[in-house]
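K.L.:
Below is one structure. I have some questions about it.
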Amino acid sequence: MRHQEDVARALGGVGSLVVYTGVAAAQQSEITDSLTQIEEFVATTLGQIGVIVFLLGAAAWFVSRRSADRAQWGWRGMWGGAGMIVLSVSYNVFVGLFENLAPGTIAPILL
């Protein structure tokens with residue numbers, strides 16, 4: 001009788017471990033998917049806002065005529081927008097690098 005209790009307890013422990021591991025793996029997958037969606041949203045938004053700021057800055061700079069203040073803000077907007085576009089691309093490269101380093105696969109990525 002004691003042997004059956006030990007076997008039942010061991011099987012119960014293994015069963016709960018399998019269920020717990022399966023739940024943890026499912027949660028890990030959901031977390032990874034959520035982080036991937038957030039990363040894509042941030043990169044896309046940063047690039048799109050950069051293009052908009054660049055175009056608005058270029059428009060303000062080109063139509064500034066003799067207004068030095070407008071030309072200065074247009075110039076700053078152009079450079080700020082260009083910087084955001086470069087940052088968006090750099091962000092994608094940076095995240096891609098660490099996505100490949102995290103599982104231990106250190107290999108160059110050729111796009």
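Here's how to read the names in the structure tokens: chain A, B, ... by the order shown, residue numbers from 1 in each chain, ligand numbers from 1 in the order shown.
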Find the residues around A:Ala82 up to 8 Å (only C-alpha atoms counted), leave out those fewer than 2 positions away in its own chain, and share them as a list in words.
P.N.:
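Near A:Ala82, the qualifying residues are Gly50, Val51, Phe54, Met78, Trp79, Gly80, Met84, Ile85 and Val86 of chain A.
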K.L.:
Write out as a PyMOL selection string the residues lying within 12 Å of A:Leu87, counting only C-alpha atoms and excluding same-chain residues fewer than 4 positions away.
P.N.:
chain A and resi 42-51+79-83+91-95
K.L.:
What is the atom CA of A:Gly57-atom CA of A:Ser90 distance in Å, reported with one decimal?
P.N.:
21.8 Å
K.L.:
Between atom CA of A:Val89 and atom CA of A:Trp75, what is the spacing in Å?
P.N.:
21.5 Å
